[in-house]
Protein chains: 2
Amino acid sequence: MITRPTLVINEDICRANIRGMAKKANFSRVIFRPHFKTHQSLQIADWFRDQGVDRITVSSAEMAIKFAKAGWNDITIAFPANIRETDTYNKLAEKLELNLLTDSIEATEALVSNLNTDTGIFIEIDTGYGRSGVHYANEEMIRKIVHIIDHAPKLSFKGFLTHSGNTYYATNTGQIEDIYNKTIAELRSLKDKYINTHPAIIISVGDTPSCSLIDDLSGANEIRPGNFVYYDLMQYYLGSCKLSDISVSVACPVTGIYPDRNEIVIYGGAVHLSKEFLEQDGRFFGLVVNYTDDGRSSPLPDTRLISISQEHGIIRTSPEFLKTVKHGDLLGILPVHSCLTANLLKDQMIIV
Amino acid sequence: MITRPTLVINEDICRANIRGMAKKANFSRVIFRPHFKTHQSLQIADWFRDQGVDRITVSSAEMAIKFAKAGWNDITIAFPANIRETDTYNKLAEKLELNLLTDSIEATEALVSNLNTDTGIFIEIDTGYGRSGVHYANEEMIRKIVHIIDHAPKLSFKGFLTHSGNTYYATNTGQIEDIYNKTIAELRSLKDKYINTHPAIIISVGDTPSCSLIDDLSGANEIRPGNFVYYDLMQYYLGSCKLSDISVSVACPVTGIYPDRNEIVIYGGAVHLSKEFLEQDGRFFGLVVNYTDDGRSSPLPDTRLISISQEHGIIRTSPEFLKTVKHGDLLGILPVHSCLTANLLKDQMIIV
């Protein structure tokens, strides 16, 4: 019995999401290197293996260690190389094919000095997100970094990698397509400059909105989406998925019913869902579903998770729905951002 | 060596916060039953024991189990009783003095049916926060709940409890004092109605802003603050603490330096800090300090954590400070909401 907030993973939906993206990668003839930061689960990793996946992306050295122990042996840590962790990188690279990211001369030189095992290096490129990466037009910096890598016996230049997180700010799907096309054009122009001297380099892209919305991804050589395994409300409002593609919900016990304010309090708060929210006619932290014999209902009308504190969530709903709810019922919350929710509930999940 | 985002707890400041609140409780002649949801740490729990604390508050049954195993034997679970967890409540109540909260007839009746071990019951009162609790003016409901408890052999009525979380919406300290005074007045009027028939009942209040700002808490019988052990930027901006009272920071490695946009990328994101933010001339997720030989600097001027994704944080700063930073440096982040940050980093902390 579920007694406390629990991530409920619908295996059929989740496997369909994995299968769909694997098929698209195959059709586009690109490497499918899914990001495992969303699920962080060895069991769900096996569902990827069932689709032929043997190369993965993670966002931290700890995650790389976890999946390495489970037999994954080709891992990109898609986070700027952290020069305090070079000992860990060396240990990982002894056991598996490891790729790291760099976007500066300083970090690259630190890798040259500290890595003593063969390691692949992607140059991270900023194509407009403005988080990390060398700006794509900074050709001098890119040339210098390539030069440093070329002269380091243990490092090999793998190509150009970006995360177009700016697709998350799009207000329509056309903008996501525009960002994708611009990203591919910029990365290809970089690749064209180096392909003769470095024939094995690739371009690697990754955000779930682009990978979900673009049918033919053959402009890239590798895709690294992560969120699509679960999807969430953020992706739904971006247009990346249908509500029925969301493969997770958080089952939360009802602990309070307040007819005078049309509110229900659930056991389910910021330490289970995260404080990520959406703004659509006001701020909300999730939509609410009922569990049914064969899965779950559509989101209940006029019903949203409007507030969360550490352990409490407040659902505002209609008088009609409120009347049907009892203490101890389980309500499902469709999360705003499944990566953060799954991270919080990684030790408290069930597969149905 | 710190290699990844790590909660740094300053023992001197933390112990001073504990000592100060214990002293105030002693002066006010109220029971000090601190909330352990903020730190969730057995070691910091011992620092409370050093101040004579032997009664505690937690926010979940799991936390009660954890502290019970460490010898804490008088615990209030300050969360509306979850009737799916009555088996756990029974196991806990066999070993220790357990108090639960109720705010409805339905939940109280479920406790009567399912609890088979002596358990204390507080009626949670809503004095204006609007989260959980019986509205203080709903005398009929309160009377009915007391009646049910009185007729249940295993339940004993402990009194009235509230969490005035509405103090967190205050825009000046005068408002916090007003909320506290109104809360105490309402709870005392309830207590007055039942004290003759139930001479042992108490009133229990808890929010950190009130407990920090009010010098004489003798209007209550018990206080349950939690956040004060660490404090954070939210408390600082509310006026509950000085910056120098904040006993935690998150040490984050620098992984990117971007002079063209005066930004630094750190290894430290939503899975370390939470997505809690403040709005003061724009949204921010933390202030930034340097570590020094004897602790840490004041927050760096014109420097804020302006954006976070899962693992990355973006600090916007001045050209002057940016010039001093190197890859691999550690920067400290003063968190917006230490409860959520400490929850995320409960397995990755150091005490200095």
# chains A, B, ... in the order shown; residues from 1 in each chain; ligands from 1
>>> residues_around(residues="Pro5 (chain A)", least_positions_apart="2", cutoff="9 Å", atoms="only C-alpha atoms", output="JSON, numbers by chain")
{"A": [2, 3, 7, 250, 251, 252, 253, 267, 268, 269, 272, 345, 348, 349]}
>>> select_by_dssp(residues="region 172-264 of chain A", states="strand (DSSP E or B)", output="list in words")
Ile202, Ile203, Ser204, Val205, Glu222, Ile223, Val248, Ser249, Val250, Ala251, Cys252, Pro253, Val254, Thr255, Gly256, Ile257, Tyr258, Glu263 and Ile264 of chain A
>>> closest_residue(among="B:Asp293, B:Asp329, B:Asp150, B:Asp347", to="chain A", atoms="only C-alpha atoms")
B:Asp329
>>> atom_distance(atom1="CA of Gly219 (chain A)", atom2="CA of Leu243 (chain A)")
28.3 Å
>>> residues_around(residues="region 52-69 of chain A", least_positions_apart="4", cutoff="8 Å", atoms="only C-alpha atoms", output="PyMOL selection string")
(chain A and resi 32-37+40+42+48+73-79+85+88-89+92+96+224) or (chain B and resi 311)
>>> closest_residue(among="B:Ile350, B:Ala152, B:Ile83, B:Ile18", to="Leu330 (chain A)", atoms="only C-alpha atoms")
B:Ile83
>>> atom_distance(atom1="CA of Asn343 (chain B)", atom2="CA of Ala25 (chain B)")
26.0 Å
>>> atom_distance(atom1="CA of Ile31 (chain B)", atom2="CA of Lys191 (chain B)")
16.4 Å
>>> closest_residue(among="A:Leu287, A:Ile333, A:Val205, A:Leu273", to="chain B", atoms="only C-alpha atoms")
A:Leu273
>>> residues_around(residues="Ser104 (chain A)", least_positions_apart="3", cutoff="7 Å", atoms="only C-alpha atoms", output="PDB file with C-alpha atoms, in the first residue's frame")
ATOM      1  CA  ALA A 107      39.759  23.970 -17.822  1.00  0.00           C
ATOM      2  CA  THR A 108      41.219  22.191 -20.847  1.00  0.00           C
ATOM      3  CA  ILE A 145      41.057  24.552 -27.266  1.00  0.00           C
TER       4      ILE A 145
END
>>> select_by_dssp(residues="region 13-215 of chain B", states="alpha helix (DSSP H)", output="PyMOL selection string")
chain B and resi 13-28+42-49+61-69+86-95+105-114+139-150+173-194+208-213
>>> write_last_selection(atoms="C-alpha atoms", output="PDB file, in the first residue's frame")
ATOM      1  CA  ILE B  13      27.007  29.943  14.512  1.00  0.00           C
ATOM      2  CA  CYS B  14      24.691  26.943  14.562  1.00  0.00           C
ATOM      3  CA  ARG B  15      25.297  26.218  18.241  1.00  0.00           C
ATOM      4  CA  ALA B  16      24.787  29.913  19.037  1.00  0.00           C
ATOM      5  CA  ASN B  17      21.422  29.830  17.252  1.00  0.00           C
ATOM      6  CA  ILE B  18      20.407  26.765  19.259  1.00  0.00           C
ATOM      7  CA  ARG B  19      21.657  28.242  22.517  1.00  0.00           C
ATOM      8  CA  GLY B  20      19.875  31.533  21.874  1.00  0.00           C
ATOM      9  CA  MET B  21      16.508  29.914  21.229  1.00  0.00           C
ATOM     10  CA  ALA B  22      16.898  27.545  24.186  1.00  0.00           C
ATOM     11  CA  LYS B  23      17.669  30.509  26.409  1.00  0.00           C
ATOM     12  CA  LYS B  24      14.641  32.432  25.155  1.00  0.00           C
ATOM     13  CA  ALA B  25      12.392  29.416  25.749  1.00  0.00           C
ATOM     14  CA  ASN B  26      13.801  29.053  29.238  1.00  0.00           C
ATOM     15  CA  PHE B  27      13.333  32.762  29.983  1.00  0.00           C
ATOM     16  CA  SER B  28       9.759  32.587  28.642  1.00  0.00           C
ATOM     17  CA  LEU B  42      21.650  13.189  14.142  1.00  0.00           C
ATOM     18  CA  GLN B  43      24.801  15.155  14.885  1.00  0.00           C
ATOM     19  CA  ILE B  44      23.039  18.504  15.046  1.00  0.00           C
ATOM     20  CA  ALA B  45      20.337  16.841  17.107  1.00  0.00           C
ATOM     21  CA  ASP B  46      23.073  16.176  19.678  1.00  0.00           C
ATOM     22  CA  TRP B  47      23.850  19.900  19.808  1.00  0.00           C
ATOM     23  CA  PHE B  48      20.228  20.400  20.875  1.00  0.00           C
ATOM     24  CA  ARG B  49      20.636  17.707  23.508  1.00  0.00           C
ATOM     25  CA  ALA B  61       6.780   9.446  10.164  1.00  0.00           C
ATOM     26  CA  GLU B  62      10.103   8.585   8.453  1.00  0.00           C
ATOM     27  CA  MET B  63      11.831  11.389  10.319  1.00  0.00           C
ATOM     28  CA  ALA B  64      10.266  10.195  13.578  1.00  0.00           C
ATOM     29  CA  ILE B  65      11.637   6.696  12.934  1.00  0.00           C
ATOM     30  CA  LYS B  66      15.096   8.077  12.220  1.00  0.00           C
ATOM     31  CA  PHE B  67      15.284  10.106  15.419  1.00  0.00           C
ATOM     32  CA  ALA B  68      13.604   7.393  17.478  1.00  0.00           C
ATOM     33  CA  LYS B  69      16.408   5.024  16.473  1.00  0.00           C
ATOM     34  CA  THR B  86      -1.453   4.376  11.348  1.00  0.00           C
ATOM     35  CA  ASP B  87       0.588   1.152  11.465  1.00  0.00           C
ATOM     36  CA  THR B  88       3.739   3.238  11.663  1.00  0.00           C
ATOM     37  CA  TYR B  89       2.198   5.489  14.301  1.00  0.00           C
ATOM     38  CA  ASN B  90       1.386   2.427  16.399  1.00  0.00           C
ATOM     39  CA  LYS B  91       4.933   1.121  16.151  1.00  0.00           C
ATOM     40  CA  LEU B  92       6.317   4.510  17.122  1.00  0.00           C
ATOM     41  CA  ALA B  93       3.895   4.961  20.015  1.00  0.00           C
ATOM     42  CA  GLU B  94       4.965   1.627  21.464  1.00  0.00           C
ATOM     43  CA  LYS B  95       8.491   2.950  21.856  1.00  0.00           C
ATOM     44  CA  ILE B 105     -13.768  14.558  12.613  1.00  0.00           C
ATOM     45  CA  GLU B 106     -13.062  12.067   9.842  1.00  0.00           C
ATOM     46  CA  ALA B 107      -9.322  11.822  10.577  1.00  0.00           C
ATOM     47  CA  THR B 108      -9.901  11.734  14.330  1.00  0.00           C
ATOM     48  CA  GLU B 109     -12.363   8.866  13.981  1.00  0.00           C
ATOM     49  CA  ALA B 110      -9.862   7.016  11.795  1.00  0.00           C
ATOM     50  CA  LEU B 111      -7.253   7.434  14.523  1.00  0.00           C
ATOM     51  CA  VAL B 112      -9.685   6.124  17.133  1.00  0.00           C
ATOM     52  CA  SER B 113     -10.305   3.036  14.993  1.00  0.00           C
ATOM     53  CA  ASN B 114      -6.695   2.366  14.107  1.00  0.00           C
ATOM     54  CA  GLU B 139     -16.040  26.052  17.888  1.00  0.00           C
ATOM     55  CA  GLU B 140     -18.516  23.358  17.001  1.00  0.00           C
ATOM     56  CA  MET B 141     -15.963  21.338  15.068  1.00  0.00           C
ATOM     57  CA  ILE B 142     -13.407  21.724  17.834  1.00  0.00           C
ATOM     58  CA  ARG B 143     -15.933  20.610  20.419  1.00  0.00           C
ATOM     59  CA  LYS B 144     -16.796  17.521  18.381  1.00  0.00           C
ATOM     60  CA  ILE B 145     -13.136  16.566  17.938  1.00  0.00           C
ATOM     61  CA  VAL B 146     -12.419  16.990  21.645  1.00  0.00           C
ATOM     62  CA  HIS B 147     -15.467  14.827  22.369  1.00  0.00           C
ATOM     63  CA  ILE B 148     -14.213  12.035  20.104  1.00  0.00           C
ATOM     64  CA  ILE B 149     -10.741  12.152  21.661  1.00  0.00           C
ATOM     65  CA  ASP B 150     -12.183  12.152  25.178  1.00  0.00           C
ATOM     66  CA  THR B 173       8.519  42.902  11.410  1.00  0.00           C
ATOM     67  CA  GLY B 174       5.540  44.731  12.895  1.00  0.00           C
ATOM     68  CA  GLN B 175       3.252  42.496  10.855  1.00  0.00           C
ATOM     69  CA  ILE B 176       4.989  39.417  12.245  1.00  0.00           C
ATOM     70  CA  GLU B 177       4.410  40.684  15.790  1.00  0.00           C
ATOM     71  CA  ASP B 178       0.757  41.358  14.966  1.00  0.00           C
ATOM     72  CA  ILE B 179       0.312  37.837  13.596  1.00  0.00           C
ATOM     73  CA  TYR B 180       1.981  36.373  16.673  1.00  0.00           C
ATOM     74  CA  ASN B 181      -0.181  38.375  19.069  1.00  0.00           C
ATOM     75  CA  LYS B 182      -3.380  37.507  17.225  1.00  0.00           C
ATOM     76  CA  THR B 183      -2.385  33.819  17.144  1.00  0.00           C
ATOM     77  CA  ILE B 184      -1.681  33.716  20.855  1.00  0.00           C
ATOM     78  CA  ALA B 185      -4.930  35.515  21.658  1.00  0.00           C
ATOM     79  CA  GLU B 186      -6.960  33.076  19.593  1.00  0.00           C
ATOM     80  CA  LEU B 187      -5.264  29.982  20.982  1.00  0.00           C
ATOM     81  CA  ARG B 188      -5.563  31.238  24.558  1.00  0.00           C
ATOM     82  CA  SER B 189      -9.276  31.846  24.145  1.00  0.00           C
ATOM     83  CA  LEU B 190      -9.636  28.247  22.969  1.00  0.00           C
ATOM     84  CA  LYS B 191      -7.524  26.944  25.810  1.00  0.00           C
ATOM     85  CA  ASP B 192      -9.593  28.932  28.305  1.00  0.00           C
ATOM     86  CA  LYS B 193     -12.700  27.080  27.143  1.00  0.00           C
ATOM     87  CA  TYR B 194     -11.198  23.646  27.815  1.00  0.00           C
ATOM     88  CA  THR B 208      10.800  30.844  13.151  1.00  0.00           C
ATOM     89  CA  PRO B 209       9.970  34.492  12.330  1.00  0.00           C
ATOM     90  CA  SER B 210       7.764  34.873  15.423  1.00  0.00           C
ATOM     91  CA  CYS B 211      10.065  32.878  17.696  1.00  0.00           C
ATOM     92  CA  SER B 212      13.033  34.952  16.523  1.00  0.00           C
ATOM     93  CA  LEU B 213      11.433  38.379  16.744  1.00  0.00           C
TER      94      LEU B 213
END
>>> closest_residue(among="A:Asp126, A:Asp245, A:Glu320, A:Asp302", to="chain B", atoms="only C-alpha atoms")
A:Asp126
>>> residues_around(residues="Glu279 (chain B)", least_positions_apart="6", cutoff="12 Å", atoms="only C-alpha atoms", output="PDB file with N, CA and C atoms, in the first residue's frame")
ATOM      1  N   LEU B 233      18.373  33.236   3.678  1.00  0.00           N
ATOM      2  CA  LEU B 233      18.108  34.579   3.135  1.00  0.00           C
ATOM      3  C   LEU B 233      16.646  34.980   3.297  1.00  0.00           C
ATOM      4  N   MET B 234      15.747  34.006   3.220  1.00  0.00           N
ATOM      5  CA  MET B 234      14.331  34.352   3.397  1.00  0.00           C
ATOM      6  C   MET B 234      14.118  34.952   4.785  1.00  0.00           C
ATOM      7  N   TYR B 237      15.634  38.497   4.996  1.00  0.00           N
ATOM      8  CA  TYR B 237      14.818  39.565   4.403  1.00  0.00           C
ATOM      9  C   TYR B 237      13.526  39.806   5.186  1.00  0.00           C
ATOM     10  N   PHE B 285      18.467  33.201  -6.518  1.00  0.00           N
ATOM     11  CA  PHE B 285      18.419  31.891  -5.866  1.00  0.00           C
ATOM     12  C   PHE B 285      19.473  31.762  -4.759  1.00  0.00           C
ATOM     13  N   GLY B 286      20.194  32.846  -4.486  1.00  0.00           N
ATOM     14  CA  GLY B 286      21.188  32.808  -3.422  1.00  0.00           C
ATOM     15  C   GLY B 286      22.126  33.993  -3.541  1.00  0.00           C
ATOM     16  N   ARG B 304      24.940  37.870  -7.497  1.00  0.00           N
ATOM     17  CA  ARG B 304      23.819  37.028  -7.077  1.00  0.00           C
ATOM     18  C   ARG B 304      23.735  35.787  -7.964  1.00  0.00           C
ATOM     19  N   LEU B 305      23.181  34.733  -7.395  1.00  0.00           N
ATOM     20  CA  LEU B 305      22.893  33.531  -8.175  1.00  0.00           C
ATOM     21  C   LEU B 305      21.571  33.797  -8.895  1.00  0.00           C
ATOM     22  N   ILE B 306      21.647  34.061 -10.198  1.00  0.00           N
ATOM     23  CA  ILE B 306      20.445  34.551 -10.891  1.00  0.00           C
ATOM     24  C   ILE B 306      19.667  33.451 -11.604  1.00  0.00           C
ATOM     25  N   VAL B 336      18.454  30.460  -0.124  1.00  0.00           N
ATOM     26  CA  VAL B 336      17.196  31.180   0.090  1.00  0.00           C
ATOM     27  C   VAL B 336      16.385  30.486   1.175  1.00  0.00           C
TER      28      VAL B 336
END
>>> decode(residues="region 220-326 of chain B", atoms="C-alpha atoms", output="tab-separated table (two decimals), in the first residue's frame")
chain	number	residue	atom	x	y	z
B	220	ALA	CA	2.50	30.18	24.49
B	221	ASN	CA	3.24	27.00	26.43
B	222	GLU	CA	5.46	25.38	23.81
B	223	ILE	CA	7.49	26.61	20.82
B	224	ARG	CA	8.48	24.49	17.82
B	225	PRO	CA	10.72	26.61	15.55
B	226	GLY	CA	12.99	24.74	13.15
B	227	ASN	CA	14.54	26.97	10.54
B	228	PHE	CA	16.41	29.13	13.10
B	229	VAL	CA	19.04	26.41	13.48
B	230	TYR	CA	20.42	27.45	10.08
B	231	TYR	CA	18.42	30.55	9.13
B	232	ASP	CA	18.66	31.64	5.47
B	233	LEU	CA	18.11	34.58	3.14
B	234	MET	CA	14.33	34.35	3.40
B	235	GLN	CA	14.59	34.83	7.15
B	236	TYR	CA	17.12	37.61	6.70
B	237	TYR	CA	14.82	39.57	4.40
B	238	LEU	CA	11.91	38.99	6.81
B	239	GLY	CA	14.03	40.51	9.57
B	240	SER	CA	14.24	37.31	11.65
B	241	CYS	CA	18.04	37.15	11.64
B	242	LYS	CA	21.23	38.92	10.68
B	243	LEU	CA	23.30	37.65	7.77
B	244	SER	CA	25.91	36.58	10.29
B	245	ASP	CA	23.33	34.31	11.97
B	246	ILE	CA	23.07	32.15	8.84
B	247	SER	CA	25.00	29.02	9.81
B	248	VAL	CA	25.02	27.28	6.42
B	249	SER	CA	26.31	27.86	2.94
B	250	VAL	CA	26.70	25.59	-0.03
B	251	ALA	CA	30.27	25.27	-1.31
B	252	CYS	CA	30.15	25.09	-5.11
B	253	PRO	CA	33.09	24.54	-7.50
B	254	VAL	CA	33.51	27.12	-10.26
B	255	THR	CA	33.24	25.40	-13.64
B	256	GLY	CA	32.94	28.34	-16.04
B	257	ILE	CA	33.92	32.00	-16.24
B	258	TYR	CA	32.32	34.25	-18.86
B	259	PRO	CA	33.79	37.78	-18.82
B	260	ASP	CA	31.70	38.94	-21.80
B	261	ARG	CA	28.53	38.59	-19.73
B	262	ASN	CA	29.99	38.99	-16.22
B	263	GLU	CA	28.80	35.52	-15.30
B	264	ILE	CA	30.28	32.56	-13.51
B	265	VAL	CA	28.88	29.04	-13.79
B	266	ILE	CA	29.09	26.90	-10.68
B	267	TYR	CA	28.49	23.24	-10.05
B	268	GLY	CA	25.42	23.80	-7.89
B	269	GLY	CA	21.84	23.71	-9.13
B	270	ALA	CA	18.26	22.87	-8.30
B	271	VAL	CA	19.15	19.37	-7.03
B	272	HIS	CA	21.45	20.97	-4.45
B	273	LEU	CA	19.82	24.28	-3.55
B	274	SER	CA	16.14	23.78	-4.53
B	275	LYS	CA	14.38	26.22	-6.83
B	276	GLU	CA	13.23	28.50	-4.02
B	277	PHE	CA	13.91	32.12	-4.94
B	278	LEU	CA	13.50	35.64	-3.70
B	279	GLU	CA	12.45	38.70	-5.65
B	280	GLN	CA	14.33	41.90	-4.83
B	281	ASP	CA	15.18	43.87	-7.95
B	282	GLY	CA	14.73	40.65	-9.89
B	283	ARG	CA	14.66	36.98	-9.04
B	284	PHE	CA	17.62	35.29	-7.36
B	285	PHE	CA	18.42	31.89	-5.87
B	286	GLY	CA	21.19	32.81	-3.42
B	287	LEU	CA	23.87	35.29	-2.47
B	288	VAL	CA	27.55	34.54	-2.91
B	289	VAL	CA	30.35	34.51	-0.33
B	290	ASN	CA	34.03	33.74	-0.38
B	291	TYR	CA	35.46	31.23	2.05
B	292	THR	CA	38.18	32.62	4.28
B	293	ASP	CA	40.56	31.15	6.82
B	294	ASP	CA	38.19	31.99	9.65
B	295	GLY	CA	34.88	31.33	7.94
B	296	ARG	CA	33.33	33.29	5.13
B	297	SER	CA	33.06	36.81	3.78
B	298	SER	CA	29.97	38.97	3.71
B	299	PRO	CA	27.89	38.54	0.56
B	300	LEU	CA	29.86	39.85	-2.40
B	301	PRO	CA	28.52	43.16	-3.73
B	302	ASP	CA	26.63	43.17	-7.04
B	303	THR	CA	26.79	39.38	-7.10
B	304	ARG	CA	23.82	37.03	-7.08
B	305	LEU	CA	22.89	33.53	-8.17
B	306	ILE	CA	20.45	34.55	-10.89
B	307	SER	CA	19.56	31.23	-12.50
B	308	ILE	CA	19.72	27.52	-11.74
B	309	SER	CA	19.01	24.41	-13.73
B	310	GLN	CA	19.38	20.82	-12.53
B	311	GLU	CA	23.12	20.94	-11.77
B	312	HIS	CA	24.30	24.35	-13.05
B	313	GLY	CA	24.04	27.70	-11.32
B	314	ILE	CA	24.72	31.04	-12.99
B	315	ILE	CA	26.18	33.82	-10.86
B	316	ARG	CA	26.06	37.34	-12.25
B	317	THR	CA	28.76	39.51	-10.76
B	318	SER	CA	30.96	42.55	-11.22
B	319	PRO	CA	33.90	42.63	-13.66
B	320	GLU	CA	36.16	43.28	-10.64
B	321	PHE	CA	35.13	40.13	-8.80
B	322	LEU	CA	35.01	38.03	-11.95
B	323	LYS	CA	38.68	38.82	-12.60
B	324	THR	CA	39.66	37.27	-9.27
B	325	VAL	CA	37.92	33.93	-9.89
B	326	LYS	CA	39.59	30.82	-11.27
